[in-house]
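Data file: run-v7.cif. Format and content: mmCIF, C-alpha atoms.
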```
data_final
#
loop_
_atom_site.label_atom_id
_atom_site.label_comp_id
_atom_site.auth_asym_id
_atom_site.auth_seq_id
_atom_site.Cartn_x
_atom_site.Cartn_y
_atom_site.Cartn_z
CA GLN P 1 0.00 0.00 0.00
CA SER P 2 1.33 3.40 -0.98
CA GLN P 3 2.78 5.53 1.79
CA ARG P 4 1.50 9.11 2.02
CA LEU P 5 3.26 11.89 3.89
CA ARG P 6 1.36 14.85 5.29
CA SER P 7 3.28 18.07 4.71
CA GLY P 8 2.35 19.41 8.14
CA ARG P 9 4.15 16.52 9.81
CA SER P 10 7.17 16.32 7.52
CA GLY P 11 9.38 18.45 9.75
CA GLN P 12 8.50 16.41 12.83
CA LEU P 13 9.02 13.17 10.94
CA TRP P 14 12.41 14.31 9.68
CA ASP P 15 13.43 15.35 13.22
CA LEU P 16 12.44 11.89 14.45
CA VAL P 17 14.27 10.07 11.68
CA HIS P 18 17.26 12.39 11.87
CA GLY P 19 17.52 12.01 15.63
CA SER P 20 17.30 8.24 15.63
CA GLN P 21 19.74 7.91 12.75
CA SER P 22 22.15 10.26 14.51
CA LEU P 23 22.16 8.08 17.62
CA VAL P 24 22.68 4.93 15.59
CA ALA P 25 25.32 6.49 13.36
CA SER P 26 27.31 8.09 16.17
CA GLY P 27 27.40 4.85 18.16
CA PHE P 28 27.77 2.40 15.30
CA LEU P 29 29.88 4.20 12.74
CA ALA P 30 32.23 5.58 15.37
CA GLN P 31 33.54 2.04 15.65
CA GLY P 32 35.46 2.92 12.51
CA ARG P 33 37.84 4.98 14.65
CA HIS P 34 39.40 1.71 15.82
CA TRP P 35 40.35 0.73 12.27
CA ASP P 36 43.78 1.36 10.75
CA LEU P 37 43.67 5.06 9.87
CA ARG P 38 46.69 4.74 7.59
CA ARG P 39 44.65 2.95 4.95
CA ARG P 40 43.14 5.37 2.44
CA CYS P 41 41.20 4.70 -0.74
CA ASP P 42 42.28 5.74 -4.18
CA SER P 43 39.91 8.56 -5.16
CA SER P 44 41.29 8.88 -8.68
CA ARG P 45 38.97 6.19 -10.10
CA ALA P 46 36.51 7.50 -12.65
CA PRO P 47 33.27 5.66 -13.54
CA ALA P 48 33.27 4.04 -16.98
CA LEU P 49 30.12 5.60 -18.46
CA SER P 50 30.74 4.82 -22.14
CA GLY P 51 29.22 1.85 -23.93
CA GLN P 52 26.33 1.19 -21.54
CA GLU P 53 23.00 1.48 -23.31
CA TRP P 54 20.59 -0.88 -21.55
CA GLY P 55 22.84 -2.92 -19.29
CA PRO P 56 21.31 -3.91 -15.94
CA LEU P 57 21.53 -1.48 -13.03
CA ASP P 58 21.76 -4.10 -10.32
CA PRO P 59 22.17 -3.27 -6.61
CA PRO P 60 25.65 -3.94 -5.18
CA ALA P 61 26.40 -6.91 -2.94
CA ASP P 62 26.90 -6.26 0.77
CA ILE P 63 30.37 -6.36 2.33
CA ASP P 64 29.64 -5.51 5.94
CA SER P 65 26.90 -3.76 7.88
CA SER P 66 28.43 -0.29 7.60
CA GLY P 67 26.58 0.32 4.32
CA THR P 68 23.23 -0.40 5.94
CA ILE P 69 23.40 2.71 8.14
CA VAL P 70 24.25 4.99 5.21
CA GLY P 71 21.45 3.44 3.16
CA LYS P 72 18.83 3.93 5.89
CA ILE P 73 19.73 7.62 6.28
CA LEU P 74 19.39 8.13 2.52
CA GLU P 75 16.09 6.20 2.42
CA ALA P 76 14.59 8.41 5.13
CA GLY P 77 15.49 11.57 3.21
CA VAL P 78 14.15 10.29 -0.11
CA LYS P 79 10.80 9.33 1.41
CA LEU P 80 10.33 12.89 2.68
CA LEU P 81 10.75 14.18 -0.88
CA LEU P 82 7.83 12.06 -2.12
CA ARG P 83 4.08 12.58 -2.01
CA GLU P 84 3.53 8.83 -2.20
CA TYR P 85 5.42 5.64 -3.00
CA ASP P 86 5.12 1.88 -2.85
CA SER P 87 8.76 1.22 -2.02
CA VAL P 88 12.08 3.01 -1.56
CA GLN P 89 15.34 1.12 -1.12
CA VAL P 90 18.94 2.31 -0.95
CA LYS P 91 21.80 -0.20 -1.03
CA VAL P 92 25.29 1.05 -0.16
CA ARG P 93 28.43 -1.04 -0.57
CA CYS P 94 31.33 0.01 1.64
CA ARG P 95 33.87 -1.19 4.20
CA PHE P 96 34.35 0.12 7.73
CA ASP P 97 38.00 0.96 7.20
CA GLU P 98 37.24 2.91 4.00
CA LEU P 99 34.08 4.61 5.25
CA ILE P 100 36.00 6.50 7.95
CA TRP P 101 37.81 8.24 5.09
CA GLY P 102 34.48 8.97 3.45
CA GLN P 103 34.76 6.36 0.70
CA VAL P 104 31.88 4.12 -0.39
CA GLU P 105 32.22 1.66 -3.25
CA ALA P 106 28.72 1.85 -4.74
CA VAL P 107 25.28 3.37 -4.12
CA HIS P 108 22.01 2.10 -5.59
CA LEU P 109 18.63 3.82 -5.14
CA SER P 110 15.46 2.17 -6.40
CA GLY P 111 11.74 2.57 -5.93
CA PHE P 112 8.35 1.70 -7.36
CA ASN P 113 5.28 3.85 -8.00
CA TRP P 114 6.75 7.16 -6.90
CA CYS P 115 5.11 10.57 -7.00
CA SER P 116 7.08 13.62 -5.87
CA GLN P 117 5.78 16.77 -4.19
CA LEU P 118 5.70 18.47 -7.62
CA ARG P 119 3.91 15.42 -9.11
CA LEU P 120 6.81 13.95 -11.03
CA SER P 121 5.82 10.29 -11.10
CA ALA P 122 7.27 6.99 -12.31
CA ARG P 123 6.40 3.32 -12.16
CA GLN P 124 10.04 2.68 -11.38
CA LEU P 125 13.12 4.82 -10.81
CA VAL P 126 16.70 3.63 -10.37
CA ILE P 127 19.80 5.72 -9.73
CA SER P 128 23.05 3.75 -9.64
CA VAL P 129 26.53 5.00 -8.74
CA PRO P 130 28.49 1.80 -9.38
CA GLU P 131 32.05 3.04 -8.97
CA GLY P 132 32.02 4.90 -5.72
CA ALA P 133 31.34 8.21 -4.01
CA ARG P 134 33.06 10.27 -1.32
CA LEU P 135 31.19 11.43 1.80
CA ASP P 136 31.90 13.72 4.73
CA TYR P 137 32.39 11.23 7.57
CA GLY P 138 31.89 13.89 10.24
CA GLU P 139 28.45 14.72 8.80
CA LEU P 140 27.68 11.01 8.66
CA LEU P 141 28.30 10.68 12.39
CA GLY P 142 25.59 13.33 12.83
CA GLY P 143 23.12 11.31 10.76
CA ARG P 144 23.52 13.34 7.55
CA VAL P 145 24.90 12.32 4.15
CA GLN P 146 26.94 14.98 2.36
CA LEU P 147 29.09 14.48 -0.72
CA THR P 148 32.60 15.91 -0.81
CA GLU P 149 32.91 15.54 -4.59
CA THR P 150 30.60 14.93 -7.55
CA ALA P 151 29.57 11.30 -8.09
CA HIS P 152 28.73 9.82 -11.50
CA GLY P 153 26.58 6.92 -12.61
CA TRP P 154 23.40 5.94 -14.42
CA ALA P 155 19.66 6.32 -13.90
CA GLU P 156 16.56 4.79 -15.42
CA ALA P 157 12.96 5.97 -15.26
CA VAL P 158 9.95 3.89 -16.34
CA PHE P 159 6.84 5.92 -17.22
CA ASN P 160 3.33 4.78 -18.02
CA GLU P 161 1.13 7.11 -20.04
CA ALA P 162 0.04 9.22 -17.07
CA ASP P 163 3.63 9.42 -15.79
CA PHE P 164 4.93 10.57 -19.17
CA GLY P 165 2.32 13.34 -19.22
CA ASN P 166 3.47 14.39 -15.74
CA PHE P 167 7.08 14.31 -16.92
CA LEU P 168 6.38 16.54 -19.94
CA THR P 169 4.57 19.09 -17.77
CA TYR P 170 7.08 18.97 -14.90
CA PRO P 171 8.03 22.65 -14.35
CA GLN P 172 11.71 22.15 -15.14
CA VAL P 173 10.96 20.23 -18.35
CA GLN P 174 8.35 22.72 -19.51
CA ALA P 175 10.72 25.62 -18.80
CA ALA P 176 13.23 24.12 -21.25
CA ALA P 177 10.64 23.56 -24.04
CA PRO P 178 11.65 24.87 -27.48
CA GLN P 179 10.42 28.11 -28.99
CA ILE P 180 9.33 28.79 -32.55
CA ASP P 181 9.38 32.46 -33.61
CA GLY P 182 9.44 33.48 -29.94
CA VAL P 183 6.47 31.29 -28.97
CA THR P 184 7.08 28.47 -26.46
CA PHE P 185 5.68 25.01 -27.12
CA ARG P 186 3.50 24.03 -24.14
CA PHE P 187 3.18 20.34 -23.34
CA LEU P 188 -0.22 18.99 -22.31
CA PRO P 189 -0.53 16.30 -19.62
CA ASP P 190 -3.36 14.39 -21.31
CA GLY P 191 -3.45 12.56 -24.61
CA VAL P 192 -0.31 10.43 -24.14
CA VAL P 193 -0.50 7.08 -25.96
CA VAL P 194 2.32 4.51 -25.84
CA ASP P 195 2.39 2.30 -28.94
CA ARG P 196 5.11 -0.26 -28.28
CA PRO P 197 4.68 -2.36 -31.47
CA ALA P 198 5.12 0.80 -33.56
CA CYS P 199 7.96 2.06 -31.30
CA ARG P 200 6.18 5.40 -30.84
CA VAL P 201 4.73 7.48 -28.02
CA ARG P 202 2.15 10.14 -28.88
CA PHE P 203 1.57 13.36 -26.94
CA GLU P 204 -0.07 16.73 -27.45
CA GLY P 205 0.88 20.34 -26.96
CA LEU P 206 -0.01 23.94 -27.75
CA LEU P 207 1.88 26.45 -29.83
CA GLY P 208 0.35 29.90 -29.94
CA GLY P 209 -3.08 28.49 -29.11
CA GLU P 210 -2.93 25.79 -31.80
CA ARG P 211 -3.28 22.22 -30.52
CA LEU P 212 -0.69 19.89 -32.03
CA THR P 213 -0.22 16.11 -31.94
CA VAL P 214 3.34 14.81 -31.91
CA GLU P 215 4.79 11.31 -32.14
CA LEU P 216 8.15 10.51 -30.65
CA GLU P 217 9.73 7.64 -32.55
CA ALA P 218 12.16 5.43 -30.62
CA ALA P 219 15.04 4.33 -32.86
CA ALA P 220 17.13 1.21 -32.34
CA ASP P 221 20.05 3.34 -31.11
CA GLY P 222 17.85 4.95 -28.43
CA ASN P 223 17.71 8.39 -30.07
CA PRO P 224 14.11 9.69 -30.35
CA THR P 225 12.80 11.61 -33.36
CA ALA P 226 9.75 13.88 -33.17
CA VAL P 227 7.17 13.81 -35.98
CA LEU P 228 4.20 16.22 -36.17
CA LEU P 229 0.92 14.50 -37.05
CA GLU P 230 -1.76 17.19 -36.70
CA PRO P 231 -1.85 19.48 -38.43
CA SER P 232 0.18 17.61 -41.03
CA GLY P 233 3.76 18.83 -40.98
CA GLY P 234 2.98 21.55 -38.42
CA PRO P 235 4.91 24.79 -38.02
CA PRO P 236 8.27 24.74 -39.84
CA GLY P 237 11.14 23.75 -37.61
CA LEU P 238 9.08 22.48 -34.67
CA ALA P 239 9.69 18.77 -35.28
CA GLU P 240 13.44 19.37 -35.47
CA ALA P 241 13.34 21.55 -32.35
CA LEU P 242 11.45 18.91 -30.36
CA THR P 243 13.87 16.21 -31.53
CA SER P 244 16.84 18.25 -30.31
CA PHE P 245 15.00 19.07 -27.09
CA PHE P 246 14.49 15.42 -26.09
CA ARG P 247 17.97 14.29 -27.12
CA ALA P 248 19.66 17.04 -25.07
CA LEU P 249 17.25 17.11 -22.11
CA SER P 250 18.66 17.41 -18.57
CA VAL P 251 16.70 17.52 -15.33
CA ASP P 252 18.19 18.71 -12.03
CA LEU P 253 16.46 16.97 -9.12
CA ALA P 254 17.86 19.21 -6.36
CA GLY P 255 21.47 18.28 -7.07
CA ALA P 256 20.93 14.96 -8.84
CA VAL P 257 21.36 16.02 -12.48
CA LEU P 258 20.03 13.50 -15.01
CA HIS P 259 21.08 13.79 -18.67
CA PHE P 260 19.11 11.99 -21.40
CA HIS P 261 20.94 9.02 -22.91
CA ALA P 262 18.45 6.68 -24.61
CA LEU P 263 14.73 5.91 -24.92
CA ARG P 264 12.82 2.75 -25.71
CA LEU P 265 9.27 1.43 -25.33
CA ASP P 266 8.67 -1.63 -23.23
CA LEU P 267 6.03 -3.87 -21.68
CA ARG P 268 5.83 -4.34 -17.91
CA THR P 269 3.40 -6.02 -15.57
CA GLY P 270 1.68 -3.46 -13.37
CA THR P 271 -0.89 -3.77 -10.60
CA LYS P 272 -3.65 -3.85 -13.21
CA GLY P 273 -1.90 -6.22 -15.59
CA PRO P 274 0.49 -5.65 -18.52
CA GLU P 275 1.03 -2.05 -19.59
CA GLU P 276 3.12 -0.38 -22.27
CA VAL P 277 5.69 2.02 -20.84
CA VAL P 278 8.38 4.50 -21.83
CA ARG P 279 11.81 3.55 -20.49
CA ILE P 280 14.44 6.30 -20.38
CA ARG P 281 18.11 5.70 -19.57
CA LEU P 282 20.01 8.74 -18.27
CA LYS P 283 23.52 9.64 -17.20
CA ALA P 284 23.55 10.71 -13.57
CA GLU P 285 25.71 13.48 -12.14
CA ILE P 286 25.19 13.74 -8.38
CA LEU P 287 26.37 17.18 -7.25
CA ARG P 288 24.80 16.98 -3.80
CA ILE P 289 22.28 14.97 -1.79
CA PRO P 290 18.81 16.66 -1.80
CA ASN P 291 17.70 18.09 1.54
CA PRO P 292 14.03 17.22 2.19
CA LEU P 293 13.61 20.24 4.47
CA ARG P 294 14.67 22.72 1.78
CA ASP P 295 14.19 21.02 -1.59
CA ARG P 296 11.13 20.06 -3.59
CA ILE P 297 11.31 17.85 -6.65
#
```

Structure re-expressed in structure tokens:
Amino acid sequence: QSQRLRSGRSGQLWDLVHGSQSLVASGFLAQGRHWDLRRRCDSSRAPALSGQEWGPLDPPADIDSSGTIVGKILEAGVKLLLREYDSVQVKVRCRFDELIWGQVEAVHLSGFNWCSQLRLSARQLVISVPEGARLDYGELLGGRVQLTETAHGWAEAVFNEADFGNFLTYPQVQAAAPQIDGVTFRFLPDGVVVDRPACRVRFEGLLGGERLTVELEAAADGNPTAVLLEPSGGPPGLAEALTSFFRALSVDLAGAVLHFHALRLDLRTGTKGPEEVVRIRLKAEILRIPNPLRDRI
């Protein structure tokens, strides 16, 4: 059953979670002080982002229980950013003797049936940092997760038709919509149709008061191409502008910057049976961890 958070209680809930995590972290993670402090991790490793189109984004295997504490703190913060969700899980792979220097080996965030405070929704969302991140260990002892350098990885969002309409009308996406002769194309939330056999997703929008129907064709290489259906051909240059818009799209989720990489149409089994969905793979650039008391996504 979906969890719903009441905004009036969010501050109290965060204080409760933050306080309990601080007690656990300060008692449990402080054990790391007894480890050999001379051992440091090599921070020069860079994630290999090239060549990964649709490879699996699997959670990392556990090493010891130190990653569990970091994961629970992150889970608590993510839940406060959401209006509702079915599940949220964060898996962190790290070692005690490396964590005291702020090094974790991998981070994996996943969830099902999410809806954010600004109504960005997805049937599934995964953000994977497979080759490590660096944290402030002092902040961690206080029950907070803070990056000391940018982390890189991959993300994947799975949208049904309603989700894709919410995505198109998400304020940050709409703000980046293309303009034709000074007029901004305005996406509409309704009218989305996913046609997996034809490898197309249809949506509607307005340009200067004229209602337009657009199909986004998913190519084998993952690059989408926009085609205007109604009126036939549409305003000159709009199809090309929408194609460029989707291929270059970036969304900043309060410090988690997601850059478009590839799109395909898929079939998944939902709560009401099989449904056709839009699957988008993105490159992830994590500049900071969102703060649920200040940020809205």

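With only C-alpha atoms taken into account, the protein and nucleic acid residues at most 8 Å from Ala262 in chain P (excluding it and anything under 3 positions from it in its own chain) are P:Glu53, P:Asp221, P:Gly222, P:Asn223, P:Pro224, P:Ile280, P:Arg281, P:Leu282.
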
On this file, the PyMOL selection byres ((chain P and resi 121) around 10) gives some set of residues; write that set as a PDB file with C-alpha atoms, in the coordinates of the input.
```pdb
ATOM      1  CA  LEU P  82       7.830  12.060  -2.120  1.00  0.00           C
ATOM      2  CA  ARG P  83       4.080  12.580  -2.010  1.00  0.00           C
ATOM      3  CA  GLU P  84       3.530   8.830  -2.200  1.00  0.00           C
ATOM      4  CA  TYR P  85       5.420   5.640  -3.000  1.00  0.00           C
ATOM      5  CA  PHE P 112       8.350   1.700  -7.360  1.00  0.00           C
ATOM      6  CA  ASN P 113       5.280   3.850  -8.000  1.00  0.00           C
ATOM      7  CA  TRP P 114       6.750   7.160  -6.900  1.00  0.00           C
ATOM      8  CA  CYS P 115       5.110  10.570  -7.000  1.00  0.00           C
ATOM      9  CA  SER P 116       7.080  13.620  -5.870  1.00  0.00           C
ATOM     10  CA  GLN P 117       5.780  16.770  -4.190  1.00  0.00           C
ATOM     11  CA  LEU P 118       5.700  18.470  -7.620  1.00  0.00           C
ATOM     12  CA  ARG P 119       3.910  15.420  -9.110  1.00  0.00           C
ATOM     13  CA  LEU P 120       6.810  13.950 -11.030  1.00  0.00           C
ATOM     14  CA  ALA P 122       7.270   6.990 -12.310  1.00  0.00           C
ATOM     15  CA  ARG P 123       6.400   3.320 -12.160  1.00  0.00           C
ATOM     16  CA  GLN P 124      10.040   2.680 -11.380  1.00  0.00           C
ATOM     17  CA  LEU P 125      13.120   4.820 -10.810  1.00  0.00           C
ATOM     18  CA  ALA P 157      12.960   5.970 -15.260  1.00  0.00           C
ATOM     19  CA  VAL P 158       9.950   3.890 -16.340  1.00  0.00           C
ATOM     20  CA  PHE P 159       6.840   5.920 -17.220  1.00  0.00           C
ATOM     21  CA  ASN P 160       3.330   4.780 -18.020  1.00  0.00           C
ATOM     22  CA  ALA P 162       0.040   9.220 -17.070  1.00  0.00           C
ATOM     23  CA  ASP P 163       3.630   9.420 -15.790  1.00  0.00           C
ATOM     24  CA  PHE P 164       4.930  10.570 -19.170  1.00  0.00           C
ATOM     25  CA  GLY P 165       2.320  13.340 -19.220  1.00  0.00           C
ATOM     26  CA  ASN P 166       3.470  14.390 -15.740  1.00  0.00           C
ATOM     27  CA  PHE P 167       7.080  14.310 -16.920  1.00  0.00           C
ATOM     28  CA  TYR P 170       7.080  18.970 -14.900  1.00  0.00           C
TER      29      TYR P 170
END
```

### Message
One number please: CA of Lys272 in chain P to CA of Val194 in chain P, in Å, one decimal.
### Response
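Between these atoms lies a distance of 16.3 Å.
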
### Message
I need every residue sitting at most 9 Å from the point (3.8, 20.3, -27.3) (coordinates as in the file, all atoms listed in the file considered), written as JSON, numbers by chain.
### Response
{"P": [168, 177, 184, 185, 186, 187, 188, 203, 204, 205, 206, 207, 211, 212, 213, 214, 242]}

### Coordinates-based distance that separates CA of Leu109 in chain P from CA of Ala218 in chain P (Å, one decimal)
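CA of Ala218 in chain P sits 26.3 Å away from CA of Leu109 in chain P.
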
### Selected residue, from P:Glu156, P:Asp295, P:Glu139, P:Glu105, that lies nearest to Asp62 in chain P when counting only C-alpha atoms
P:Glu105

### Option closest in space to Ala76 in chain P, from P:Pro235, P:Gly143, P:Gly270, P:Gly153 [counting only C-alpha atoms]
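So, comparing all the options, the nearest one is P:Gly143.
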
### Message
One decimal, in Å: what's the spacing between CA of Arg134 in chain P and CA of Gln103 in chain P?
### Response
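CA of Gln103 in chain P lies at a distance of 4.7 Å from CA of Arg134 in chain P.
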
### Task
Check which residues satisfy the PyMOL selection byres ((chain P and resi 130) around 7) in the file shown, then give them as number ranges by chain.
P: 106-107, 128-129, 131-132, 153

### Message
The residues within 6 Å of (19.8, 10.7, -16.6), using all atoms listed in the file and the coordinates of the file, should be reported as a list in words; which are they?
### Response
Ala155, Leu258, His259, Phe260, Leu282, Lys283 and Ala284 of chain P

### Query
Lys91 in chain P: which residues within 8 Å, counting all atoms listed in the file, same-chain residues fewer than 3 positions away excluded, as a list in words?
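What passes the distance filter is Pro59, Pro60, Gly67, Thr68, Gly71, Val107, His108 and Leu109 of chain P.
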
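Considering all atoms listed in the file, the residue among P:Arg294, P:Arg288, P:Arg264, P:Lys79 positioned nearest to Thr148 in chain P is P:Arg288.
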
### Task
Please identify all polymer residues within 8 Å of Leu265 in chain P, counting only C-alpha atoms, omitting same-chain residues fewer than 3 positions from it, and present them as a PyMOL selection string.
chain P and resi 194-196+199-200+218+276-279

### Evaluate the PyMOL selection byres ((chain P and resi 254) around 12) and report residues as an NGL selection string
:P and (78 or 81 or 172 or 251-253 or 255-258 or 285-297)

From the block you just saw, export range 54-64 of chain P: all heavy atoms, as a short mmCIF file (atom, residue, chain, number, x, y, z; two decimals), in the first residue's frame.
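Contents of selection-v1.cif, freshly written:
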```cif
data_model
loop_
_atom_site.label_atom_id
_atom_site.label_comp_id
_atom_site.auth_asym_id
_atom_site.auth_seq_id
_atom_site.Cartn_x
_atom_site.Cartn_y
_atom_site.Cartn_z
N TRP P 54 21.68 -0.33 -22.35
CA TRP P 54 20.59 -0.88 -21.55
C TRP P 54 21.08 -1.99 -20.63
O TRP P 54 20.33 -2.89 -20.29
CB TRP P 54 19.48 -1.38 -22.47
CG TRP P 54 18.86 -0.28 -23.26
CD1 TRP P 54 19.04 -0.01 -24.58
CD2 TRP P 54 17.98 0.73 -22.77
NE1 TRP P 54 18.33 1.10 -24.94
CE2 TRP P 54 17.66 1.58 -23.87
CE3 TRP P 54 17.43 1.02 -21.53
CZ2 TRP P 54 16.82 2.68 -23.75
CZ3 TRP P 54 16.59 2.11 -21.40
CH2 TRP P 54 16.29 2.92 -22.50
N GLY P 55 22.33 -1.94 -20.23
CA GLY P 55 22.84 -2.92 -19.29
C GLY P 55 22.10 -2.83 -17.96
O GLY P 55 21.56 -1.78 -17.61
N PRO P 56 22.05 -3.92 -17.21
CA PRO P 56 21.31 -3.91 -15.94
C PRO P 56 21.95 -2.97 -14.92
O PRO P 56 23.17 -2.83 -14.85
CB PRO P 56 21.40 -5.37 -15.47
CG PRO P 56 22.63 -5.90 -16.15
CD PRO P 56 22.72 -5.21 -17.46
N LEU P 57 21.08 -2.33 -14.13
CA LEU P 57 21.53 -1.48 -13.03
C LEU P 57 21.24 -2.22 -11.72
O LEU P 57 20.32 -1.88 -10.99
CB LEU P 57 20.80 -0.13 -13.07
CG LEU P 57 20.99 0.71 -14.34
CD1 LEU P 57 20.20 2.02 -14.25
CD2 LEU P 57 22.46 1.00 -14.59
N ASP P 58 22.02 -3.23 -11.46
CA ASP P 58 21.76 -4.10 -10.32
C ASP P 58 22.30 -3.49 -9.03
O ASP P 58 23.32 -2.79 -9.04
CB ASP P 58 22.42 -5.47 -10.54
CG ASP P 58 21.81 -6.22 -11.70
OD1 ASP P 58 20.60 -6.03 -11.95
OD2 ASP P 58 22.53 -6.99 -12.36
N PRO P 59 21.65 -3.76 -7.89
CA PRO P 59 22.17 -3.27 -6.61
C PRO P 59 23.47 -3.99 -6.26
O PRO P 59 23.67 -5.15 -6.62
CB PRO P 59 21.05 -3.61 -5.62
CG PRO P 59 20.28 -4.71 -6.27
CD PRO P 59 20.37 -4.47 -7.74
N PRO P 60 24.37 -3.32 -5.54
CA PRO P 60 25.65 -3.94 -5.18
C PRO P 60 25.48 -4.96 -4.06
O PRO P 60 24.55 -4.88 -3.27
CB PRO P 60 26.49 -2.74 -4.71
CG PRO P 60 25.47 -1.78 -4.16
CD PRO P 60 24.26 -1.93 -5.04
N ALA P 61 26.40 -5.91 -4.01
CA ALA P 61 26.40 -6.91 -2.94
C ALA P 61 26.94 -6.28 -1.66
O ALA P 61 27.78 -5.39 -1.69
CB ALA P 61 27.25 -8.11 -3.34
N ASP P 62 26.44 -6.76 -0.53
CA ASP P 62 26.90 -6.26 0.77
C ASP P 62 28.31 -6.76 1.07
O ASP P 62 28.70 -7.86 0.65
CB ASP P 62 25.96 -6.72 1.88
CG ASP P 62 24.61 -6.03 1.81
OD1 ASP P 62 24.56 -4.86 1.40
OD2 ASP P 62 23.60 -6.67 2.16
N ILE P 63 29.07 -5.93 1.80
CA ILE P 63 30.37 -6.36 2.33
C ILE P 63 30.28 -6.52 3.84
O ILE P 63 30.56 -7.57 4.39
CB ILE P 63 31.47 -5.35 1.97
CG1 ILE P 63 31.63 -5.23 0.45
CG2 ILE P 63 32.80 -5.76 2.61
CD1 ILE P 63 32.63 -4.22 0.02
N ASP P 64 29.90 -5.46 4.52
CA ASP P 64 29.64 -5.51 5.94
C ASP P 64 28.48 -4.57 6.25
O ASP P 64 27.93 -3.93 5.37
CB ASP P 64 30.90 -5.19 6.76
CG ASP P 64 31.47 -3.81 6.44
OD1 ASP P 64 30.68 -2.86 6.26
OD2 ASP P 64 32.71 -3.68 6.38
#
```
